[in-house]
file target_37.txt (compact mmCIF, C-alpha atoms and all ligand atoms)
# COMPACT_ATOMS: atom_id res chain seq x y z
CA MET A 1 -12.92 17.94 39.60
CA VAL A 2 -10.35 15.23 39.01
CA ASP A 3 -6.64 14.98 38.49
CA LEU A 4 -4.92 13.38 35.52
CA LYS A 5 -1.90 11.10 35.88
CA ILE A 6 0.04 9.83 32.92
CA GLU A 7 2.82 7.31 33.38
CA ASN A 8 5.42 6.29 30.80
CA LEU A 9 3.17 6.89 27.84
CA THR A 10 4.91 5.72 24.67
CA LYS A 11 3.62 5.79 21.12
CA LYS A 12 5.51 4.39 18.18
CA TYR A 13 4.61 4.77 14.53
CA GLY A 14 6.88 2.22 12.85
CA GLU A 15 10.38 3.62 13.29
CA THR A 16 9.15 6.96 14.68
CA THR A 17 8.79 7.29 18.43
CA ALA A 18 6.26 10.10 18.75
CA LEU A 19 6.01 9.79 22.56
CA ASP A 20 8.78 8.41 24.71
CA LYS A 21 7.88 7.53 28.34
CA PHE A 22 5.82 10.69 28.64
CA THR A 23 4.99 11.18 32.33
CA ILE A 24 2.94 13.98 33.80
CA ASP A 25 0.61 14.74 36.69
CA ILE A 26 -2.06 17.42 36.32
CA LYS A 27 -3.71 18.58 39.50
CA SER A 28 -7.42 18.88 39.91
CA GLY A 29 -8.56 22.27 38.54
CA GLU A 30 -5.17 23.08 37.11
CA LEU A 31 -4.49 24.56 33.68
CA LEU A 32 -1.36 22.85 32.45
CA VAL A 33 0.13 23.96 29.14
CA LEU A 34 2.09 21.48 27.06
CA LEU A 35 4.57 23.54 25.06
CA GLY A 36 6.96 22.40 22.38
CA PRO A 37 8.02 22.78 18.75
CA SER A 38 6.07 21.28 15.89
CA GLY A 39 6.46 17.50 15.68
CA CYS A 40 7.52 16.95 19.32
CA GLY A 41 4.49 14.76 20.10
CA LYS A 42 1.95 17.13 21.67
CA THR A 43 -1.02 16.07 19.54
CA THR A 44 -0.10 12.42 19.94
CA ALA A 45 -0.16 12.84 23.74
CA ILE A 46 -3.54 14.56 23.81
CA ARG A 47 -5.08 12.06 21.37
CA CYS A 48 -3.93 9.17 23.56
CA ILE A 49 -5.54 10.85 26.58
CA ALA A 50 -8.80 11.40 24.69
CA GLY A 51 -8.77 7.78 23.55
CA LEU A 52 -8.58 8.58 19.85
CA ILE A 53 -5.37 6.59 19.45
CA THR A 54 -4.01 3.66 21.43
CA PRO A 55 -0.61 4.11 23.05
CA THR A 56 2.08 1.48 22.54
CA ASN A 57 2.76 1.54 26.28
CA GLY A 58 1.93 3.39 29.46
CA GLN A 59 -0.98 4.23 31.76
CA ILE A 60 -3.53 7.03 31.89
CA TYR A 61 -5.43 7.67 35.13
CA LEU A 62 -8.30 10.08 35.42
CA GLY A 63 -9.04 10.63 39.11
CA ASN A 64 -7.45 7.29 40.15
CA ARG A 65 -9.37 5.36 37.52
CA LYS A 66 -7.31 3.81 34.76
CA VAL A 67 -8.96 4.82 31.50
CA ASN A 68 -6.72 3.08 28.94
CA GLU A 69 -9.37 0.54 28.07
CA LEU A 70 -12.30 2.98 27.96
CA SER A 71 -13.73 4.24 24.67
CA PRO A 72 -13.46 8.01 24.04
CA LYS A 73 -17.06 8.69 24.99
CA ASP A 74 -16.74 6.81 28.27
CA ARG A 75 -13.73 8.85 29.37
CA ASP A 76 -15.80 11.98 29.96
CA VAL A 77 -13.20 14.15 28.29
CA ALA A 78 -13.90 17.16 26.04
CA MET A 79 -11.59 18.29 23.29
CA VAL A 80 -11.28 21.45 21.20
CA PHE A 81 -9.05 21.48 18.13
CA GLN A 82 -7.56 24.10 15.90
CA ASN A 83 -10.46 23.86 13.43
CA TYR A 84 -13.62 24.10 15.43
CA ALA A 85 -15.63 21.66 13.27
CA LEU A 86 -18.99 23.26 14.06
CA TYR A 87 -21.99 21.72 12.32
CA PRO A 88 -22.62 24.23 9.50
CA HIS A 89 -26.34 23.52 9.07
CA MET A 90 -27.12 23.92 12.78
CA SER A 91 -27.69 27.15 14.70
CA VAL A 92 -25.32 28.18 17.47
CA HIS A 93 -27.91 26.98 19.95
CA ASP A 94 -28.12 23.54 18.37
CA ASN A 95 -24.37 23.26 18.04
CA ILE A 96 -23.93 23.84 21.77
CA ALA A 97 -26.93 21.63 22.58
CA PHE A 98 -25.70 18.74 20.45
CA PRO A 99 -23.76 16.75 23.10
CA LEU A 100 -26.72 17.01 25.51
CA LYS A 101 -29.16 15.84 22.82
CA MET A 102 -26.92 12.88 22.15
CA ARG A 103 -27.23 12.03 25.82
CA LYS A 104 -31.00 12.33 25.48
CA GLU A 105 -31.32 14.90 28.25
CA PRO A 106 -34.75 16.54 28.66
CA LYS A 107 -35.46 19.50 26.35
CA SER A 108 -36.06 22.09 29.06
CA HIS A 109 -32.84 21.10 30.80
CA ILE A 110 -30.92 21.40 27.52
CA ARG A 111 -32.34 24.87 26.86
CA GLU A 112 -31.33 26.02 30.34
CA LYS A 113 -27.79 24.63 30.04
CA VAL A 114 -27.23 26.16 26.61
CA ILE A 115 -28.35 29.58 27.78
CA GLN A 116 -26.17 29.35 30.86
CA MET A 117 -23.16 28.46 28.73
CA ALA A 118 -23.92 31.19 26.17
CA GLU A 119 -24.09 33.75 28.97
CA LEU A 120 -20.79 32.59 30.36
CA LEU A 121 -19.21 32.97 26.92
CA GLY A 122 -20.94 36.26 26.04
CA ILE A 123 -22.67 34.84 22.93
CA LYS A 124 -26.31 34.84 24.05
CA ASP A 125 -27.25 37.18 21.17
CA LEU A 126 -25.87 34.74 18.62
CA LEU A 127 -27.87 31.64 19.50
CA ASP A 128 -30.01 31.75 16.35
CA ARG A 129 -27.16 32.32 13.91
CA LYS A 130 -25.49 29.72 11.72
CA PRO A 131 -21.69 29.22 11.93
CA LYS A 132 -21.11 31.00 8.58
CA GLU A 133 -22.59 34.17 10.12
CA LEU A 134 -19.95 34.22 12.87
CA SER A 135 -16.46 35.72 13.17
CA GLY A 136 -13.47 33.53 14.02
CA GLY A 137 -13.58 34.52 17.67
CA GLN A 138 -17.30 33.83 17.90
CA MET A 139 -16.89 30.40 16.31
CA GLN A 140 -14.16 29.69 18.83
CA ARG A 141 -16.52 30.55 21.67
CA VAL A 142 -19.24 28.28 20.27
CA ALA A 143 -16.73 25.43 20.03
CA LEU A 144 -15.76 26.02 23.67
CA GLY A 145 -19.42 26.07 24.66
CA ARG A 146 -20.15 22.84 22.85
CA ALA A 147 -17.18 21.15 24.52
CA LEU A 148 -17.96 22.34 28.04
CA VAL A 149 -21.76 22.22 28.15
CA ARG A 150 -21.88 18.60 29.29
CA GLU A 151 -19.51 19.35 32.18
CA PRO A 152 -16.74 16.91 31.33
CA LYS A 153 -14.12 15.83 33.88
CA LEU A 154 -11.20 16.90 31.73
CA PHE A 155 -10.77 19.56 29.06
CA LEU A 156 -8.21 19.10 26.29
CA MET A 157 -7.31 21.86 23.83
CA ASP A 158 -4.96 21.36 20.89
CA GLU A 159 -3.72 24.73 19.57
CA PRO A 160 -7.26 26.14 19.65
CA LEU A 161 -6.20 29.69 18.76
CA SER A 162 -3.97 28.99 15.77
CA ASN A 163 -6.54 30.08 13.22
CA LEU A 164 -7.17 33.48 14.78
CA ASP A 165 -5.33 36.72 14.03
CA ALA A 166 -2.75 37.95 16.54
CA LYS A 167 -4.98 40.46 18.32
CA LEU A 168 -7.88 38.07 18.75
CA ARG A 169 -5.50 35.37 19.91
CA THR A 170 -4.27 37.60 22.71
CA HIS A 171 -7.85 38.38 23.69
CA MET A 172 -9.07 34.77 23.54
CA ARG A 173 -6.23 33.39 25.62
CA THR A 174 -7.31 35.66 28.48
CA GLU A 175 -10.95 34.63 27.95
CA ILE A 176 -10.12 30.93 28.00
CA LYS A 177 -8.06 31.27 31.16
CA LYS A 178 -10.86 33.18 32.92
CA LEU A 179 -13.44 30.64 31.78
CA GLN A 180 -11.28 27.74 32.93
CA LYS A 181 -10.86 29.29 36.37
CA LYS A 182 -14.56 30.08 36.62
CA ILE A 183 -15.56 26.51 35.81
CA GLY A 184 -12.58 25.03 37.63
CA ILE A 185 -12.11 22.23 35.12
CA THR A 186 -8.82 20.31 34.95
CA THR A 187 -7.31 21.38 31.62
CA LEU A 188 -4.48 20.36 29.35
CA TYR A 189 -3.76 23.03 26.76
CA ILE A 190 -1.38 22.54 23.86
CA THR A 191 0.55 25.25 22.07
CA HIS A 192 3.86 25.85 20.31
CA ASP A 193 3.68 29.54 21.27
CA GLN A 194 5.71 30.30 24.38
CA VAL A 195 3.99 33.63 25.02
CA GLU A 196 0.60 31.91 25.01
CA ALA A 197 1.99 29.28 27.37
CA MET A 198 3.53 31.81 29.76
CA SER A 199 0.42 33.95 29.91
CA MET A 200 -2.11 31.15 30.43
CA ALA A 201 -0.47 28.36 32.39
CA ASP A 202 -0.61 27.48 36.04
CA ARG A 203 2.28 25.22 35.10
CA ILE A 204 4.07 24.62 31.82
CA ALA A 205 5.49 21.32 30.59
CA ILE A 206 8.12 21.88 27.91
CA MET A 207 8.47 19.04 25.44
CA LYS A 208 11.08 17.93 22.93
CA ASN A 209 11.29 14.71 20.91
CA GLY A 210 8.40 13.01 22.72
CA ASN A 211 9.82 13.81 26.13
CA ILE A 212 9.14 16.34 28.85
CA GLN A 213 12.18 18.50 29.53
CA GLN A 214 10.86 20.47 32.48
CA ILE A 215 7.62 21.13 34.33
CA GLY A 216 7.16 24.25 36.41
CA THR A 217 5.34 27.51 36.89
CA PRO A 218 5.98 30.16 34.23
CA ILE A 219 8.30 31.95 36.68
CA GLU A 220 10.27 28.77 37.40
CA VAL A 221 10.84 27.76 33.80
CA TYR A 222 11.80 31.32 32.87
CA HIS A 223 14.21 31.92 35.74
CA GLN A 224 15.55 28.40 36.25
CA PRO A 225 15.55 26.57 32.93
CA MET A 226 16.83 23.03 33.47
CA ASN A 227 18.66 22.94 30.18
CA THR A 228 19.66 25.13 27.22
CA PHE A 229 16.68 23.92 25.15
CA VAL A 230 14.20 25.22 27.74
CA GLY A 231 16.30 28.36 28.20
CA GLN A 232 16.08 29.17 24.51
CA PHE A 233 12.49 28.02 23.97
CA ILE A 234 11.10 30.31 26.68
CA GLY A 235 11.67 34.03 26.30
CA ASN A 236 11.85 36.33 23.33
CA PRO A 237 14.34 37.20 21.87
CA GLN A 238 15.90 33.89 22.75
CA MET A 239 18.54 33.40 25.41
CA ASN A 240 22.14 33.97 24.28
CA LEU A 241 24.38 30.94 24.78
CA ILE A 242 28.09 31.60 25.17
CA ASN A 243 30.84 29.01 25.43
CA GLY A 244 33.00 29.28 28.53
CA SER A 245 36.10 27.42 29.61
CA ILE A 246 38.26 26.74 32.66
CA ARG A 247 41.91 27.62 32.36
CA ASP A 248 44.45 27.83 35.19
CA GLU A 249 41.60 27.23 37.66
CA SER A 250 39.74 30.32 36.50
CA LEU A 251 36.48 30.56 34.64
CA PHE A 252 36.76 32.34 31.30
CA LEU A 253 34.01 33.89 29.26
CA PHE A 254 34.68 36.04 26.19
CA SER A 255 38.40 35.42 26.90
CA GLN A 256 37.95 37.22 30.25
CA PRO A 257 38.32 35.66 33.67
CA ILE A 258 35.05 35.86 35.59
CA ALA A 259 35.17 36.48 39.28
CA ILE A 260 32.20 34.60 40.69
CA GLN A 261 31.60 34.72 44.47
CA PRO A 262 34.02 32.25 46.17
CA VAL A 263 31.31 29.86 47.41
CA ASP A 264 29.58 29.78 44.08
CA LYS A 265 32.91 29.33 42.37
CA ILE A 266 33.76 26.23 44.38
CA LEU A 267 30.30 24.86 43.67
CA LEU A 268 30.64 25.59 40.01
CA GLU A 269 34.16 24.28 39.59
CA LYS A 270 33.17 20.99 41.19
CA LYS A 271 30.46 20.53 38.64
CA LEU A 272 31.95 22.22 35.65
CA THR A 273 33.66 20.40 32.89
CA ALA A 274 36.58 22.08 31.11
CA LYS A 275 34.03 23.61 28.79
CA PHE A 276 30.67 24.97 29.84
CA ILE A 277 27.90 27.18 28.54
CA VAL A 278 26.56 30.41 29.96
CA GLY A 279 23.02 31.50 29.09
CA ILE A 280 22.13 35.19 29.25
CA ARG A 281 18.75 36.63 28.38
CA PRO A 282 18.87 39.64 26.03
CA ARG A 283 16.88 41.67 28.57
CA ASP A 284 19.40 40.93 31.31
CA ILE A 285 22.25 42.63 29.47
CA ILE A 286 22.86 46.26 30.36
CA ILE A 287 24.17 48.96 28.07
CA LEU A 288 26.66 50.76 30.27
CA LYS A 289 27.71 54.32 30.75
CA LYS A 290 31.35 54.84 31.77
CA THR A 291 30.41 55.67 35.36
CA ASP A 292 28.09 52.68 35.94
CA ILE A 293 29.18 50.22 38.61
CA LEU A 294 28.50 46.53 38.11
CA THR A 295 29.11 43.20 39.88
CA GLY A 296 29.76 41.32 36.73
CA ILE A 297 31.69 41.54 33.49
CA ARG A 298 32.04 44.55 31.21
CA LEU A 299 32.57 44.05 27.51
CA ASP A 300 33.26 46.31 24.53
CA GLY A 301 31.27 45.59 21.42
CA ILE A 302 30.09 46.92 18.10
CA ILE A 303 26.46 47.09 17.01
CA VAL A 304 25.96 44.97 13.88
CA PHE A 305 22.15 44.88 13.61
CA ILE A 306 19.22 46.84 15.02
CA GLU A 307 15.60 45.84 15.43
CA MET A 308 13.20 48.51 16.69
CA LEU A 309 10.29 46.98 18.60
CA GLY A 310 8.50 50.11 19.79
CA ASP A 311 9.04 50.30 23.54
CA ASP A 312 12.20 48.24 23.28
CA THR A 313 15.05 47.91 20.85
CA THR A 314 17.01 44.74 20.22
CA VAL A 315 20.56 45.21 19.03
CA GLU A 316 22.97 42.53 17.94
CA VAL A 317 26.37 43.27 19.39
CA LYS A 318 29.60 41.70 18.16
CA ILE A 319 32.02 40.92 20.96
CA GLY A 320 35.20 39.25 19.75
CA SER A 321 33.98 36.20 17.89
CA ASP A 322 30.59 36.08 19.64
CA ASN A 323 27.38 37.86 18.72
CA LEU A 324 25.02 38.79 21.53
CA LEU A 325 21.42 39.96 21.39
CA VAL A 326 20.67 42.81 23.76
CA THR A 327 17.16 44.11 24.37
CA THR A 328 16.94 47.50 25.99
CA ASN A 329 14.78 50.57 26.40
CA ASN A 330 17.88 52.50 27.27
CA ILE A 331 19.42 53.29 23.89
CA LEU A 332 18.28 56.38 22.09
CA ASN A 333 19.38 56.34 18.53
CA PRO A 334 21.61 53.41 17.72
CA PHE A 335 23.49 53.01 14.43
CA VAL A 336 25.16 49.97 12.96
CA GLY A 337 28.88 50.37 13.66
CA ASP A 338 28.42 52.18 17.00
CA LYS A 339 30.81 51.12 19.74
CA ILE A 340 29.12 50.35 23.05
CA GLU A 341 30.01 48.89 26.38
CA ILE A 342 27.73 46.24 27.83
CA GLY A 343 27.53 44.70 31.27
CA ILE A 344 26.36 41.29 32.47
CA GLU A 345 25.71 40.80 36.17
CA TYR A 346 26.86 37.50 37.62
CA SER A 347 23.44 36.92 39.12
CA LYS A 348 21.92 36.96 35.62
CA MET A 349 24.13 34.19 34.24
CA HIS A 350 22.68 30.70 33.81
CA PHE A 351 25.35 27.99 33.90
CA PHE A 352 25.01 24.80 31.88
CA ASP A 353 27.44 21.93 31.37
CA ASP A 354 28.84 21.14 27.93
CA GLU A 355 25.77 18.99 27.22
CA GLY A 356 23.42 21.84 28.09
CA LYS A 357 22.24 20.66 31.55
CA ARG A 358 21.79 23.30 34.24
CA ILE A 359 24.47 23.31 36.95
CA GLY A 360 25.64 25.24 39.94
CA PHE A 361 23.53 27.59 41.93
CA THR A 362 20.04 28.56 40.83
N1 LIG B 401 -0.46 8.83 12.19
C1 LIG B 401 0.85 8.97 12.18
N2 LIG B 401 1.65 8.14 11.49
C2 LIG B 401 2.99 8.26 11.49
N3 LIG B 401 3.67 9.21 12.16
C3 LIG B 401 2.94 10.10 12.87
C4 LIG B 401 1.50 10.03 12.91
N4 LIG B 401 1.05 11.03 13.70
C5 LIG B 401 2.15 11.70 14.12
N5 LIG B 401 3.28 11.15 13.62
C6 LIG B 401 4.66 11.60 13.90
O1 LIG B 401 4.85 11.68 15.30
C7 LIG B 401 5.59 12.81 15.67
C8 LIG B 401 4.79 13.68 16.62
O2 LIG B 401 3.69 14.27 15.93
P1 LIG B 401 2.60 15.17 16.65
O3 LIG B 401 2.14 14.50 17.90
O4 LIG B 401 1.57 15.52 15.66
O5 LIG B 401 3.47 16.47 17.03
P2 LIG B 401 2.99 17.95 17.43
O6 LIG B 401 1.53 17.94 17.73
O7 LIG B 401 3.85 18.29 18.62
O8 LIG B 401 3.33 18.84 16.27
C9 LIG B 401 5.97 13.50 14.37
O9 LIG B 401 7.25 13.06 14.00
C10 LIG B 401 4.93 13.01 13.40
O10 LIG B 401 5.42 13.00 12.09
MG MG B 402 -0.03 19.11 16.93

call {"tool": "encode", "arguments": {"input": "target_37.txt", "output": "structure tokens", "more": "lines below"}}
Ligand SMILES: Nc1ncnc2c1ncn2[C@@H]1O[C@H](COP(=O)(O)OP(=O)(O)O)[C@@H](O)[C@H]1O
Ligand SMILES: [Mg+2]
result
Amino acid sequence: MVDLKIENLTKKYGETTALDKFTIDIKSGELLVLLGPSGCGKTTAIRCIAGLITPTNGQIYLGNRKVNELSPKDRDVAMVFQNYALYPHMSVHDNIAFPLKMRKEPKSHIREKVIQMAELLGIKDLLDRKPKELSGGQMQRVALGRALVREPKLFLMDEPLSNLDAKLRTHMRTEIKKLQKKIGITTLYITHDQVEAMSMADRIAIMKNGNIQQIGTPIEVYHQPMNTFVGQFIGNPQMNLINGSIRDESLFLFSQPIAIQPVDKILLEKKLTAKFIVGIRPRDIIILKKTDILTGIRLDGIIVFIEMLGDDTTVEVKIGSDNLLVTTNNILNPFVGDKIEIGIEYSKMHFFDDEGKRIGFT
């Protein structure tokens, strides 16, 4: 097992900067998910690491060895893409065996390795089939087998589940995570799907415009987003962002003064600009009954939209000039136009400065 270190990786395509001083450190045996919207540079990063494109600048180290100058095949890196690119005329067995044949390994050894891999992936019964006789999930497993059979140092996956239907995707992400842990291979996994990232990652790196915004465990990036972009990219429905202001030395939100704990208030006021932003996750907002007690702010609102999700319901609530999303399992039969009272606990508020950077207490 090896670790992967990337320092200041930059890739320019003419005027476009696809990667901008991209820096990351993946620990040996770790599954790190690179998460970000389409076009943010994820594929560019992974292709530089695999050696398929040459970066404009920056260093790539695989287990302390600089690999920038090595050809793709000498890097000992395996890659699985969105389209599995299996060889259509070859059986499953031969597809998985292919990288070992290329290395001219002995036949008996190849046979043994392929069977081992097929057992691990639960596709031993399929070894004689051709790719066109396989389902999407089975093809995906064969592609994984072919990538991993030669025991590479590093495993790269670029949106490998995008072609599968939602149910299979959920199933395969668990399978891949289990497989990765069983083999213990250092893995960089790319997705634009935050649920996939949250469910699979040891750590997540969130990317925007060729840059990493934050790296942390799923819990860290969810509970302590470093900026409003991360706050809104992680979590569904997305975090509400509300503009706040300081007037007469008090913090105001929804035109109400907010009474933060004195220590926190001093901390905040030191760092706050006249305008700031408060992030609140829809699930952290409570629909109140008159008798409920709360250390936070209470607000009257009107329901303007309802989305039933099964276990939960998301309602859009108009409060003055702001609209807030509220996700709850505590509302029985809402109607558009209903008046409700909502509560937001101080401990559930994320404070950001007017440029969207996290401030104050955690
Ligand atoms: N071969 C290329 N030539 C020119 N621009 C490219 C090329 N490949 C990618 N880009 C640009 O680089 C940026 C990052 O692309 P990419 O790495 O594919 O993003 P992602 O995988 O996150 O969707 C995009 O603006 C894209 O248009
Ligand atoms: Mg991509």

call {"tool": "closest_residue", "arguments": {"input": "target_37.txt", "among": "A:Ile183, A:Leu332, A:Ala78, A:Ile285", "to": "Glu30 in chain A", "atoms": "all atoms listed in the file"}}
result
A:Ile183

call {"tool": "atom_distance", "arguments": {"input": "target_37.txt", "atom1": "CA of Glu341 in chain A", "atom2": "CA of Asp322 in chain A"}}
result
14.5 Å

call {"tool": "axis_aligned_box", "arguments": {"input": "target_37.txt", "around": "range 299-304 of chain A", "padding_each_side": "5 Å", "output": "AutoDock Vina command-line options"}}
result
--center_x 29.6 --center_y 45.6 --center_z 20.7 --size_x 17.3 --size_y 13.0 --size_z 23.6

call {"tool": "residues_around", "arguments": {"input": "target_37.txt", "residues": "Asn243 in chain A", "least_positions_apart": "5", "cutoff": "12 Å", "atoms": "all atoms listed in the file", "output": "number ranges by chain"}}
result
A: 228, 251-256, 273-280, 321-323, 350-356

call {"tool": "atom_distance", "arguments": {"input": "target_37.txt", "atom1": "CA of Gly36 in chain A", "atom2": "CA of Pro237 in chain A"}}
result
16.5 Å

call {"tool": "closest_atom_pairs", "arguments": {"input": "target_37.txt", "of": "chain A", "to": "ligand MG 402 (chain B)", "cutoff": "10 Å", "atoms": "only C-alpha atoms and all ligand atoms", "output": "Markdown table"}}
result
| residue | atom | partner | partner_atom | distance |
| --- | --- | --- | --- | --- |
| A:Gly36 | CA | B:MG402 | MG | 9.5 |
| A:Pro37 | CA | B:MG402 | MG | 9.0 |
| A:Ser38 | CA | B:MG402 | MG | 6.6 |
| A:Gly39 | CA | B:MG402 | MG | 6.8 |
| A:Cys40 | CA | B:MG402 | MG | 8.2 |
| A:Gly41 | CA | B:MG402 | MG | 7.0 |
| A:Lys42 | CA | B:MG402 | MG | 5.5 |
| A:Thr43 | CA | B:MG402 | MG | 4.1 |
| A:Thr44 | CA | B:MG402 | MG | 7.3 |
| A:Ala45 | CA | B:MG402 | MG | 9.3 |
| A:Ile46 | CA | B:MG402 | MG | 9.0 |
| A:Arg47 | CA | B:MG402 | MG | 9.7 |
| A:Phe81 | CA | B:MG402 | MG | 9.4 |
| A:Gln82 | CA | B:MG402 | MG | 9.1 |
| A:Asp158 | CA | B:MG402 | MG | 6.7 |
| A:Glu159 | CA | B:MG402 | MG | 7.2 |
| A:Ile190 | CA | B:MG402 | MG | 7.8 |
| A:Thr191 | CA | B:MG402 | MG | 8.0 |
| A:His192 | CA | B:MG402 | MG | 8.5 |

call {"tool": "residues_around", "arguments": {"input": "target_37.txt", "residues": "range 134-151 of chain A", "least_positions_apart": "4", "cutoff": "10 Å", "atoms": "only C-alpha atoms", "output": "PyMOL selection string"}}
result
chain A and resi 76-86+92-100+103+110+113-123+126-127+129-130+155-157+160-161+163-165+168-169+171-172+175-176+179-180+183+185

call {"tool": "atom_distance", "arguments": {"input": "target_37.txt", "atom1": "atom C8 of ligand LIG 401 (chain B)", "atom2": "CA of Asp20 in chain A"}}
result
10.4 Å

call {"tool": "closest_residue", "arguments": {"input": "target_37.txt", "among": "A:Lys73, A:Lys12, A:Lys21, A:Lys107", "to": "ligand LIG 401 (chain B)", "atoms": "only C-alpha atoms and all ligand atoms"}}
result
A:Lys12

call {"tool": "closest_residue", "arguments": {"input": "target_37.txt", "among": "A:Asp193, A:Asp125, A:Glu133, A:Asp25", "to": "ligand LIG 401 (chain B)", "atoms": "all atoms listed in the file"}}
result
A:Asp193

call {"tool": "residues_around", "arguments": {"input": "target_37.txt", "residues": "Gly231 in chain A", "least_positions_apart": "4", "cutoff": "12 Å", "atoms": "all atoms listed in the file", "output": "JSON, numbers by chain"}}
result
{"A": [194, 206, 213, 214, 220, 221, 222, 223, 224, 225, 226, 227, 235, 236, 237, 238, 239, 240, 241, 277, 278, 279, 280, 281, 282, 349, 350, 351, 352, 356, 357, 358]}

call {"tool": "write_last_selection", "arguments": {"input": "target_37.txt", "atoms": "C-alpha atoms", "output": "mmCIF file, in the coordinates of the input"}}
result
data_model
loop_
_atom_site.group_PDB
_atom_site.id
_atom_site.type_symbol
_atom_site.label_atom_id
_atom_site.label_comp_id
_atom_site.auth_asym_id
_atom_site.auth_seq_id
_atom_site.Cartn_x
_atom_site.Cartn_y
_atom_site.Cartn_z
ATOM 1 C CA GLN A 194 5.710 30.300 24.380
ATOM 2 C CA ILE A 206 8.120 21.880 27.910
ATOM 3 C CA GLN A 213 12.180 18.500 29.530
ATOM 4 C CA GLN A 214 10.860 20.470 32.480
ATOM 5 C CA GLU A 220 10.270 28.770 37.400
ATOM 6 C CA VAL A 221 10.840 27.760 33.800
ATOM 7 C CA TYR A 222 11.800 31.320 32.870
ATOM 8 C CA HIS A 223 14.210 31.920 35.740
ATOM 9 C CA GLN A 224 15.550 28.400 36.250
ATOM 10 C CA PRO A 225 15.550 26.570 32.930
ATOM 11 C CA MET A 226 16.830 23.030 33.470
ATOM 12 C CA ASN A 227 18.660 22.940 30.180
ATOM 13 C CA GLY A 235 11.670 34.030 26.300
ATOM 14 C CA ASN A 236 11.850 36.330 23.330
ATOM 15 C CA PRO A 237 14.340 37.200 21.870
ATOM 16 C CA GLN A 238 15.900 33.890 22.750
ATOM 17 C CA MET A 239 18.540 33.400 25.410
ATOM 18 C CA ASN A 240 22.140 33.970 24.280
ATOM 19 C CA LEU A 241 24.380 30.940 24.780
ATOM 20 C CA ILE A 277 27.900 27.180 28.540
ATOM 21 C CA VAL A 278 26.560 30.410 29.960
ATOM 22 C CA GLY A 279 23.020 31.500 29.090
ATOM 23 C CA ILE A 280 22.130 35.190 29.250
ATOM 24 C CA ARG A 281 18.750 36.630 28.380
ATOM 25 C CA PRO A 282 18.870 39.640 26.030
ATOM 26 C CA MET A 349 24.130 34.190 34.240
ATOM 27 C CA HIS A 350 22.680 30.700 33.810
ATOM 28 C CA PHE A 351 25.350 27.990 33.900
ATOM 29 C CA PHE A 352 25.010 24.800 31.880
ATOM 30 C CA GLY A 356 23.420 21.840 28.090
ATOM 31 C CA LYS A 357 22.240 20.660 31.550
ATOM 32 C CA ARG A 358 21.790 23.300 34.240
#

call {"tool": "closest_residue", "arguments": {"input": "target_37.txt", "among": "A:Met1, A:Val336, A:Ala18, A:Leu325", "to": "ligand LIG 401 (chain B)", "atoms": "only C-alpha atoms and all ligand atoms"}}
result
A:Ala18

call {"tool": "closest_residue", "arguments": {"input": "target_37.txt", "among": "A:Cys48, A:Ile286, A:Ala197, A:Leu309", "to": "ligand LIG 401 (chain B)", "atoms": "all atoms listed in the file"}}
result
A:Cys48

call {"tool": "closest_residue", "arguments": {"input": "target_37.txt", "among": "A:Ile49, A:Lys132, A:Thr56, A:Thr327", "to": "Met90 in chain A", "atoms": "only C-alpha atoms"}}
result
A:Lys132

call {"tool": "residues_around", "arguments": {"input": "target_37.txt", "residues": "Glu316 in chain A", "least_positions_apart": "5", "cutoff": "9 Å", "atoms": "all atoms listed in the file", "output": "PyMOL selection string"}}
result
chain A and resi 302-307+323-327

call {"tool": "residues_around", "arguments": {"input": "target_37.txt", "residues": "Met200 in chain A", "least_positions_apart": "6", "cutoff": "10 Å", "atoms": "all atoms listed in the file", "output": "list of chain:residue names"}}
result
A:Leu31, A:Leu32, A:Val33, A:Arg173, A:Thr174, A:Glu175, A:Ile176, A:Lys177, A:Lys178, A:Tyr189, A:Gln194, A:Pro218
